[in-house]
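Colleague: My structure is stored as entry29.pdb, with PDB, C-alpha atoms.
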ATOM      1  CA  MET A  29      97.848 -31.745 121.515  1.00  0.00           C
ATOM      2  CA  ASN A  30      99.456 -29.264 119.151  1.00  0.00           C
ATOM      3  CA  GLU A  31      97.673 -26.290 117.574  1.00  0.00           C
ATOM      4  CA  THR A  32      96.733 -28.170 114.397  1.00  0.00           C
ATOM      5  CA  GLU A  33      95.197 -31.033 116.378  1.00  0.00           C
ATOM      6  CA  ILE A  34      93.322 -28.594 118.599  1.00  0.00           C
ATOM      7  CA  ILE A  35      91.889 -26.774 115.565  1.00  0.00           C
ATOM      8  CA  LYS A  36      90.840 -30.065 113.939  1.00  0.00           C
ATOM      9  CA  GLY A  37      89.206 -31.151 117.196  1.00  0.00           C
ATOM     10  CA  CYS A  38      87.386 -27.845 117.567  1.00  0.00           C
ATOM     11  CA  LEU A  39      86.073 -28.145 114.023  1.00  0.00           C
ATOM     12  CA  LYS A  40      84.582 -31.504 115.058  1.00  0.00           C
ATOM     13  CA  ASN A  41      83.025 -29.854 118.149  1.00  0.00           C
ATOM     14  CA  ASP A  42      85.273 -31.909 120.422  1.00  0.00           C
ATOM     15  CA  ARG A  43      84.831 -30.443 123.925  1.00  0.00           C
ATOM     16  CA  ALA A  44      88.368 -31.352 125.047  1.00  0.00           C
ATOM     17  CA  SER A  45      89.857 -29.520 122.053  1.00  0.00           C
ATOM     18  CA  GLN A  46      87.639 -26.492 122.669  1.00  0.00           C
ATOM     19  CA  GLN A  47      88.678 -26.458 126.327  1.00  0.00           C
ATOM     20  CA  ALA A  48      92.356 -26.742 125.329  1.00  0.00           C
ATOM     21  CA  LEU A  49      92.036 -23.779 122.953  1.00  0.00           C
ATOM     22  CA  TYR A  50      90.163 -21.749 125.572  1.00  0.00           C
ATOM     23  CA  ASP A  51      92.673 -22.585 128.317  1.00  0.00           C
ATOM     24  CA  PHE A  52      95.657 -21.789 126.118  1.00  0.00           C
ATOM     25  CA  TYR A  53      94.443 -18.329 125.090  1.00  0.00           C
ATOM     26  CA  PHE A  54      92.373 -17.409 128.157  1.00  0.00           C
ATOM     27  CA  SER A  55      94.949 -15.239 129.961  1.00  0.00           C
ATOM     28  CA  SER A  56      96.222 -13.285 126.993  1.00  0.00           C
ATOM     29  CA  MET A  57      92.751 -12.660 125.575  1.00  0.00           C
ATOM     30  CA  LEU A  58      91.373 -11.667 128.974  1.00  0.00           C
ATOM     31  CA  GLY A  59      94.133  -9.056 129.021  1.00  0.00           C
ATOM     32  CA  VAL A  60      92.873  -7.725 125.687  1.00  0.00           C
ATOM     33  CA  CYS A  61      89.297  -7.548 126.979  1.00  0.00           C
ATOM     34  CA  LEU A  62      90.338  -5.899 130.255  1.00  0.00           C
ATOM     35  CA  ARG A  63      91.892  -3.011 128.354  1.00  0.00           C
ATOM     36  CA  TYR A  64      88.565  -2.227 126.668  1.00  0.00           C
ATOM     37  CA  ALA A  65      86.153  -3.109 129.479  1.00  0.00           C
ATOM     38  CA  ASN A  66      85.141  -1.042 132.492  1.00  0.00           C
ATOM     39  CA  ASN A  67      85.834  -3.897 134.907  1.00  0.00           C
ATOM     40  CA  GLU A  68      86.752  -7.579 135.172  1.00  0.00           C
ATOM     41  CA  GLU A  69      83.155  -8.796 135.091  1.00  0.00           C
ATOM     42  CA  GLN A  70      82.461  -6.992 131.822  1.00  0.00           C
ATOM     43  CA  ALA A  71      85.782  -8.251 130.408  1.00  0.00           C
ATOM     44  CA  ASN A  72      84.830 -11.854 131.235  1.00  0.00           C
ATOM     45  CA  ASP A  73      81.442 -11.434 129.541  1.00  0.00           C
ATOM     46  CA  ILE A  74      83.112 -10.061 126.417  1.00  0.00           C
ATOM     47  CA  LEU A  75      85.717 -12.838 126.504  1.00  0.00           C
ATOM     48  CA  HIS A  76      83.058 -15.549 126.592  1.00  0.00           C
ATOM     49  CA  ASP A  77      81.063 -13.939 123.783  1.00  0.00           C
ATOM     50  CA  ALA A  78      84.211 -13.664 121.708  1.00  0.00           C
ATOM     51  CA  PHE A  79      85.213 -17.284 122.309  1.00  0.00           C
ATOM     52  CA  LEU A  80      81.782 -18.360 121.077  1.00  0.00           C
ATOM     53  CA  LYS A  81      82.505 -16.389 117.897  1.00  0.00           C
ATOM     54  CA  VAL A  82      85.916 -18.060 117.683  1.00  0.00           C
ATOM     55  CA  PHE A  83      84.424 -21.563 117.904  1.00  0.00           C
ATOM     56  CA  LEU A  84      81.644 -20.747 115.449  1.00  0.00           C
ATOM     57  CA  GLY A  85      83.998 -19.038 113.009  1.00  0.00           C
ATOM     58  CA  LEU A  86      86.952 -21.417 113.221  1.00  0.00           C
ATOM     59  CA  LYS A  87      86.028 -23.053 109.934  1.00  0.00           C
ATOM     60  CA  GLY A  88      86.746 -19.672 108.339  1.00  0.00           C
ATOM     61  CA  PHE A  89      90.282 -19.515 109.764  1.00  0.00           C
ATOM     62  CA  SER A  90      92.557 -19.842 106.762  1.00  0.00           C
ATOM     63  CA  ASN A  91      95.864 -20.698 108.487  1.00  0.00           C
ATOM     64  CA  THR A  92      97.524 -17.863 106.542  1.00  0.00           C
ATOM     65  CA  GLY A  93      98.314 -15.937 109.733  1.00  0.00           C
ATOM     66  CA  SER A  94      98.694 -16.868 113.339  1.00  0.00           C
ATOM     67  CA  LEU A  95      95.756 -18.340 115.205  1.00  0.00           C
ATOM     68  CA  GLU A  96      96.489 -16.013 118.104  1.00  0.00           C
ATOM     69  CA  GLY A  97      96.307 -12.957 115.833  1.00  0.00           C
ATOM     70  CA  TRP A  98      93.020 -14.175 114.376  1.00  0.00           C
ATOM     71  CA  ILE A  99      91.555 -14.740 117.866  1.00  0.00           C
ATOM     72  CA  ARG A 100      92.858 -11.359 119.068  1.00  0.00           C
ATOM     73  CA  ARG A 101      91.090  -9.631 116.168  1.00  0.00           C
ATOM     74  CA  ILE A 102      87.813 -11.313 117.153  1.00  0.00           C
ATOM     75  CA  MET A 103      88.342 -10.210 120.773  1.00  0.00           C
ATOM     76  CA  VAL A 104      88.968  -6.588 119.769  1.00  0.00           C
ATOM     77  CA  ASN A 105      85.977  -6.507 117.413  1.00  0.00           C
ATOM     78  CA  THR A 106      83.761  -8.043 120.108  1.00  0.00           C
ATOM     79  CA  CYS A 107      84.954  -5.387 122.576  1.00  0.00           C
ATOM     80  CA  ILE A 108      84.120  -2.625 120.115  1.00  0.00           C
ATOM     81  CA  ASP A 109      80.719  -4.162 119.345  1.00  0.00           C
ATOM     82  CA  ARG A 110      79.933  -4.409 123.069  1.00  0.00           C
ATOM     83  CA  LEU A 111      80.929  -0.815 123.682  1.00  0.00           C
ATOM     84  CA  ARG A 112      78.706   0.371 120.839  1.00  0.00           C
ATOM     85  CA  LYS A 113      75.737  -1.495 122.284  1.00  0.00           C
ATOM     86  CA  SER A 114      76.331  -0.477 125.893  1.00  0.00           C
ATOM     87  CA  LYS A 115      73.932   1.720 127.810  1.00  0.00           C
ATOM     88  CA  GLN A 116      76.691   4.305 128.048  1.00  0.00           C
ATOM     89  CA  ASN A 117      75.541   5.410 124.596  1.00  0.00           C
ATOM     90  CA  TYR A 118      78.965   4.798 123.146  1.00  0.00           C
ATOM     91  CA  GLN A 119      80.009   7.843 121.196  1.00  0.00           C
ATOM     92  CA  ILE A 120      83.411   8.869 120.037  1.00  0.00           C
ATOM     93  CA  VAL A 121      83.483  12.596 119.915  1.00  0.00           C
ATOM     94  CA  SER A 122      86.074  15.238 120.397  1.00  0.00           C
ATOM     95  CA  THR A 123      85.088  17.042 123.561  1.00  0.00           C
ATOM     96  CA  VAL A 124      86.947  18.904 126.267  1.00  0.00           C
ATOM     97  CA  HIS A 125      86.229  17.815 129.806  1.00  0.00           C
ATOM     98  CA  PRO A 126      86.666  20.540 132.458  1.00  0.00           C
ATOM     99  CA  ASP A 127      89.323  18.417 134.190  1.00  0.00           C
ATOM    100  CA  ASP A 128      91.375  18.294 130.968  1.00  0.00           C
ATOM    101  CA  LYS A 129      92.210  22.002 131.057  1.00  0.00           C
ATOM    102  CA  MET A 130      94.580  22.309 133.995  1.00  0.00           C
ATOM    103  CA  ILE A 131      96.579  19.766 135.933  1.00  0.00           C
ATOM    104  CA  ASP A 132      99.586  20.036 138.185  1.00  0.00           C
ATOM    105  CA  ILE A 133     102.087  17.652 136.628  1.00  0.00           C
ATOM    106  CA  PRO A 134     105.483  17.282 138.275  1.00  0.00           C
ATOM    107  CA  ASP A 135     108.612  18.152 136.343  1.00  0.00           C
ATOM    108  CA  GLU A 136     109.699  15.514 133.838  1.00  0.00           C
ATOM    109  CA  THR A 137     112.610  14.098 135.876  1.00  0.00           C
ATOM    110  CA  THR A 138     110.456  13.482 138.945  1.00  0.00           C
ATOM    111  CA  GLU A 139     107.661  12.078 136.794  1.00  0.00           C
ATOM    112  CA  GLN A 140     109.962   9.638 134.982  1.00  0.00           C
ATOM    113  CA  GLU A 141     111.403   8.358 138.263  1.00  0.00           C
ATOM    114  CA  THR A 142     107.901   7.945 139.710  1.00  0.00           C
ATOM    115  CA  MET A 143     106.540   6.221 136.612  1.00  0.00           C
ATOM    116  CA  MET A 144     109.233   3.545 136.910  1.00  0.00           C
ATOM    117  CA  ASP A 145     107.469   2.225 140.040  1.00  0.00           C
ATOM    118  CA  ILE A 146     104.097   1.608 138.390  1.00  0.00           C
ATOM    119  CA  ASP A 147     102.979  -2.010 138.063  1.00  0.00           C
ATOM    120  CA  LYS A 148     100.709  -3.557 135.412  1.00  0.00           C
ATOM    121  CA  GLU A 149      97.633  -3.503 137.643  1.00  0.00           C
ATOM    122  CA  ASP A 150      97.949   0.249 138.174  1.00  0.00           C
ATOM    123  CA  ILE A 151      98.362   0.837 134.446  1.00  0.00           C
ATOM    124  CA  LEU A 152      95.280  -1.278 133.710  1.00  0.00           C
ATOM    125  CA  LYS A 153      93.329   0.601 136.391  1.00  0.00           C
ATOM    126  CA  ALA A 154      94.370   3.927 134.862  1.00  0.00           C
ATOM    127  CA  VAL A 155      93.386   2.786 131.357  1.00  0.00           C
ATOM    128  CA  GLN A 156      89.997   1.583 132.634  1.00  0.00           C
ATOM    129  CA  GLN A 157      89.373   5.041 134.117  1.00  0.00           C
ATOM    130  CA  LEU A 158      89.488   6.608 130.654  1.00  0.00           C
ATOM    131  CA  THR A 159      86.169   7.284 128.973  1.00  0.00           C
ATOM    132  CA  PRO A 160      85.101   4.469 126.627  1.00  0.00           C
ATOM    133  CA  ALA A 161      85.851   6.677 123.611  1.00  0.00           C
ATOM    134  CA  TYR A 162      89.357   7.601 124.738  1.00  0.00           C
ATOM    135  CA  ARG A 163      90.100   4.068 125.963  1.00  0.00           C
ATOM    136  CA  THR A 164      89.036   2.496 122.669  1.00  0.00           C
ATOM    137  CA  VAL A 165      91.086   4.808 120.462  1.00  0.00           C
ATOM    138  CA  PHE A 166      94.078   4.493 122.807  1.00  0.00           C
ATOM    139  CA  ASN A 167      93.948   0.682 122.731  1.00  0.00           C
ATOM    140  CA  LEU A 168      93.448   0.479 118.982  1.00  0.00           C
ATOM    141  CA  TYR A 169      96.306   2.866 118.230  1.00  0.00           C
ATOM    142  CA  VAL A 170      98.872   2.129 120.951  1.00  0.00           C
ATOM    143  CA  ILE A 171      98.276  -1.546 121.685  1.00  0.00           C
ATOM    144  CA  GLU A 172      96.763  -2.959 118.498  1.00  0.00           C
ATOM    145  CA  ASN A 173      98.843  -0.729 116.161  1.00  0.00           C
ATOM    146  CA  TYR A 174      95.984   0.437 113.958  1.00  0.00           C
ATOM    147  CA  SER A 175      96.470   3.673 112.007  1.00  0.00           C
ATOM    148  CA  HIS A 176      94.200   6.658 112.567  1.00  0.00           C
ATOM    149  CA  LYS A 177      92.632   5.969 109.165  1.00  0.00           C
ATOM    150  CA  GLU A 178      91.854   2.356 110.158  1.00  0.00           C
ATOM    151  CA  ILE A 179      90.456   3.491 113.519  1.00  0.00           C
ATOM    152  CA  ALA A 180      88.334   6.137 111.827  1.00  0.00           C
ATOM    153  CA  ASP A 181      86.911   3.559 109.419  1.00  0.00           C
ATOM    154  CA  MET A 182      86.355   0.993 112.160  1.00  0.00           C
ATOM    155  CA  LEU A 183      84.607   3.404 114.536  1.00  0.00           C
ATOM    156  CA  GLU A 184      82.938   5.543 111.867  1.00  0.00           C
ATOM    157  CA  ILE A 185      84.615   8.752 112.977  1.00  0.00           C
ATOM    158  CA  SER A 186      86.988  11.192 111.307  1.00  0.00           C
ATOM    159  CA  GLU A 187      90.753  10.779 111.438  1.00  0.00           C
ATOM    160  CA  GLY A 188      90.919  14.114 113.251  1.00  0.00           C
ATOM    161  CA  THR A 189      88.610  12.834 115.976  1.00  0.00           C
ATOM    162  CA  SER A 190      90.757   9.715 116.323  1.00  0.00           C
ATOM    163  CA  LYS A 191      93.892  11.828 116.697  1.00  0.00           C
ATOM    164  CA  SER A 192      92.208  14.192 119.135  1.00  0.00           C
ATOM    165  CA  ASN A 193      90.863  11.346 121.260  1.00  0.00           C
ATOM    166  CA  LEU A 194      94.285   9.681 121.329  1.00  0.00           C
ATOM    167  CA  SER A 195      95.918  12.905 122.484  1.00  0.00           C
ATOM    168  CA  LYS A 196      93.324  13.366 125.217  1.00  0.00           C
ATOM    169  CA  ALA A 197      93.564   9.698 126.200  1.00  0.00           C
ATOM    170  CA  LYS A 198      97.322  10.013 126.679  1.00  0.00           C
ATOM    171  CA  PHE A 199      96.898  13.201 128.689  1.00  0.00           C
ATOM    172  CA  ASN A 200      94.220  11.665 130.904  1.00  0.00           C
ATOM    173  CA  LEU A 201      96.131   8.402 131.272  1.00  0.00           C
ATOM    174  CA  ARG A 202      99.141  10.324 132.499  1.00  0.00           C
ATOM    175  CA  LYS A 203      96.918  12.251 134.914  1.00  0.00           C
ATOM    176  CA  ASN A 204      95.293   8.997 136.133  1.00  0.00           C
ATOM    177  CA  LEU A 205      98.682   7.373 136.710  1.00  0.00           C
ATOM    178  CA  ILE A 206      99.980  10.367 138.648  1.00  0.00           C
ATOM    179  CA  HIS A 207      96.817  10.365 140.742  1.00  0.00           C
ATOM    180  CA  LEU A 208      97.178   6.622 141.456  1.00  0.00           C
ATOM    181  CA  ILE A 209     100.783   7.137 142.536  1.00  0.00           C
ATOM    182  CA  LYS A 210      99.944  10.075 144.785  1.00  0.00           C
ATOM    183  CA  SER A 211      96.769   8.617 146.296  1.00  0.00           C
ATOM    184  CA  PRO A 212      96.901   7.299 149.861  1.00  0.00           C
ATOM    185  CA  ASN A 213      95.626   3.898 148.636  1.00  0.00           C
ATOM    186  CA  GLY A 214      98.453   3.731 146.070  1.00  0.00           C
ATOM    187  CA  LYS A 215     102.003   2.651 146.699  1.00  0.00           C
TER     188      LYS A 215
END
Would you write out, as structure tokens, the structure that this file holds?

Modeller:
Amino acid sequence: MNETEIIKGCLKNDRASQQALYDFYFSSMLGVCLRYANNEEQANDILHDAFLKVFLGLKGFSNTGSLEGWIRRIMVNTCIDRLRKSKQNYQIVSTVHPDDKMIDIPDETTEQETMMDIDKEDILKAVQQLTPAYRTVFNLYVIENYSHKEIADMLEISEGTSKSNLSKAKFNLRKNLIHLIKSPNGK
């Protein structure tokens, strides 16, 4: 089945077509959800909720852009919705955590050489260790390529808060990666 046939089948509620669409996009969309979620279980829950939205909203897909881009947008929006509703009282604010003030970071040459040895799982682990606010702004800006204005509108925050949270996210991500590299359980 090609993409057009799969879409037509999904619109007719054909289970085989729905399964084909799910199977085709499962891995890449799980990766999207993992970047926003605290863990794999939460990412899977978000993924399933988002795929339900995909199947229910497929009749609204206009074929003007890529299907993958349309599905990705639903995944990201579902992640943001889930974070807002979470018990963590999702708030995006510009705050300074005591750990943000001082950190012993190796000189740049040593750091660059060390960072070359980091694998995708370690990067994902480090991103998941960010606070939900920092993680969300980081993903939207760095991965999804939204502007600070778009992020501010989407999350109902100021552009300054978006910029501040991105800066702190990068700082903390770097700190998390260095910690993962230096930890006895690391490489």

Colleague: Rounded to one decimal, what separation in Å do you get between atom CA of A:Gly37 and atom CA of A:Arg100?

Modeller: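 Value for the atom CA of A:Gly37-atom CA of A:Arg100 distance: 20.2 Å.
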
Colleague: Apply the PyMOL selection byres ((chain A and resi 171-181) around 10) to the structure shown and report the selected residues as a PyMOL selection string.

Modeller: chain A and resi 60+63+100-101+104+120+164-170+182-191+194

Colleague: Taking the point (86.6, -22.4, 114.3) as given in the file, collect each protein or nucleic acid residue that comes within 10 Å of it, counting only C-alpha atoms, and present the set as a PyMOL selection string.

Modeller: chain A and resi 35-41+46+79-90+99

Colleague: Could you pull the residues within 10 Å of A:Gln70, counting all atoms listed in the file, minus those fewer than 6 positions along the same chain, as a ChimeraX atom specification?

Modeller: /A:61-62,64,107,110

Colleague: Could you please give me, as a list in words, the residues of protein, DNA or RNA lying at most 8 Å from (92.0, 1.0, 132.1) in the coordinate frame of the file, considering all atoms listed in the file?

Modeller: Leu62, Arg63, Tyr64, Ala65, Asn66, Ile151, Leu152, Lys153, Ala154, Val155, Gln156, Gln157, Leu158 and Arg163 of chain A

Colleague: Could you add the missing atoms to stretch 160-171 of chain A, up to N, CA and C atoms, and return them as a PDB file, keeping the file's coordinate frame?

Modeller:
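Below you can see result.pdb, which holds the result:
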ATOM      1  N   PRO A 160      85.090   5.526 127.643  1.00  0.00           N
ATOM      2  CA  PRO A 160      85.101   4.469 126.627  1.00  0.00           C
ATOM      3  C   PRO A 160      85.667   4.938 125.285  1.00  0.00           C
ATOM      4  N   ALA A 161      85.355   6.160 124.897  1.00  0.00           N
ATOM      5  CA  ALA A 161      85.851   6.677 123.611  1.00  0.00           C
ATOM      6  C   ALA A 161      87.371   6.801 123.621  1.00  0.00           C
ATOM      7  N   TYR A 162      87.914   7.426 124.654  1.00  0.00           N
ATOM      8  CA  TYR A 162      89.357   7.601 124.738  1.00  0.00           C
ATOM      9  C   TYR A 162      90.057   6.252 124.870  1.00  0.00           C
ATOM     10  N   ARG A 163      89.514   5.393 125.715  1.00  0.00           N
ATOM     11  CA  ARG A 163      90.100   4.068 125.963  1.00  0.00           C
ATOM     12  C   ARG A 163      90.156   3.250 124.679  1.00  0.00           C
ATOM     13  N   THR A 164      89.099   3.293 123.899  1.00  0.00           N
ATOM     14  CA  THR A 164      89.036   2.496 122.669  1.00  0.00           C
ATOM     15  C   THR A 164      90.066   2.982 121.649  1.00  0.00           C
ATOM     16  N   VAL A 165      90.119   4.275 121.419  1.00  0.00           N
ATOM     17  CA  VAL A 165      91.086   4.808 120.462  1.00  0.00           C
ATOM     18  C   VAL A 165      92.511   4.550 120.964  1.00  0.00           C
ATOM     19  N   PHE A 166      92.748   4.751 122.238  1.00  0.00           N
ATOM     20  CA  PHE A 166      94.078   4.493 122.807  1.00  0.00           C
ATOM     21  C   PHE A 166      94.499   3.044 122.575  1.00  0.00           C
ATOM     22  N   ASN A 167      93.623   2.106 122.908  1.00  0.00           N
ATOM     23  CA  ASN A 167      93.948   0.682 122.731  1.00  0.00           C
ATOM     24  C   ASN A 167      94.181   0.324 121.269  1.00  0.00           C
ATOM     25  N   LEU A 168      93.317   0.815 120.397  1.00  0.00           N
ATOM     26  CA  LEU A 168      93.448   0.479 118.982  1.00  0.00           C
ATOM     27  C   LEU A 168      94.750   1.039 118.396  1.00  0.00           C
ATOM     28  N   TYR A 169      95.114   2.243 118.795  1.00  0.00           N
ATOM     29  CA  TYR A 169      96.306   2.866 118.230  1.00  0.00           C
ATOM     30  C   TYR A 169      97.598   2.367 118.896  1.00  0.00           C
ATOM     31  N   VAL A 170      97.638   2.432 120.228  1.00  0.00           N
ATOM     32  CA  VAL A 170      98.872   2.129 120.951  1.00  0.00           C
ATOM     33  C   VAL A 170      99.121   0.634 121.090  1.00  0.00           C
ATOM     34  N   ILE A 171      98.098  -0.114 121.416  1.00  0.00           N
ATOM     35  CA  ILE A 171      98.276  -1.546 121.685  1.00  0.00           C
ATOM     36  C   ILE A 171      98.112  -2.387 120.428  1.00  0.00           C
TER      37      ILE A 171
END
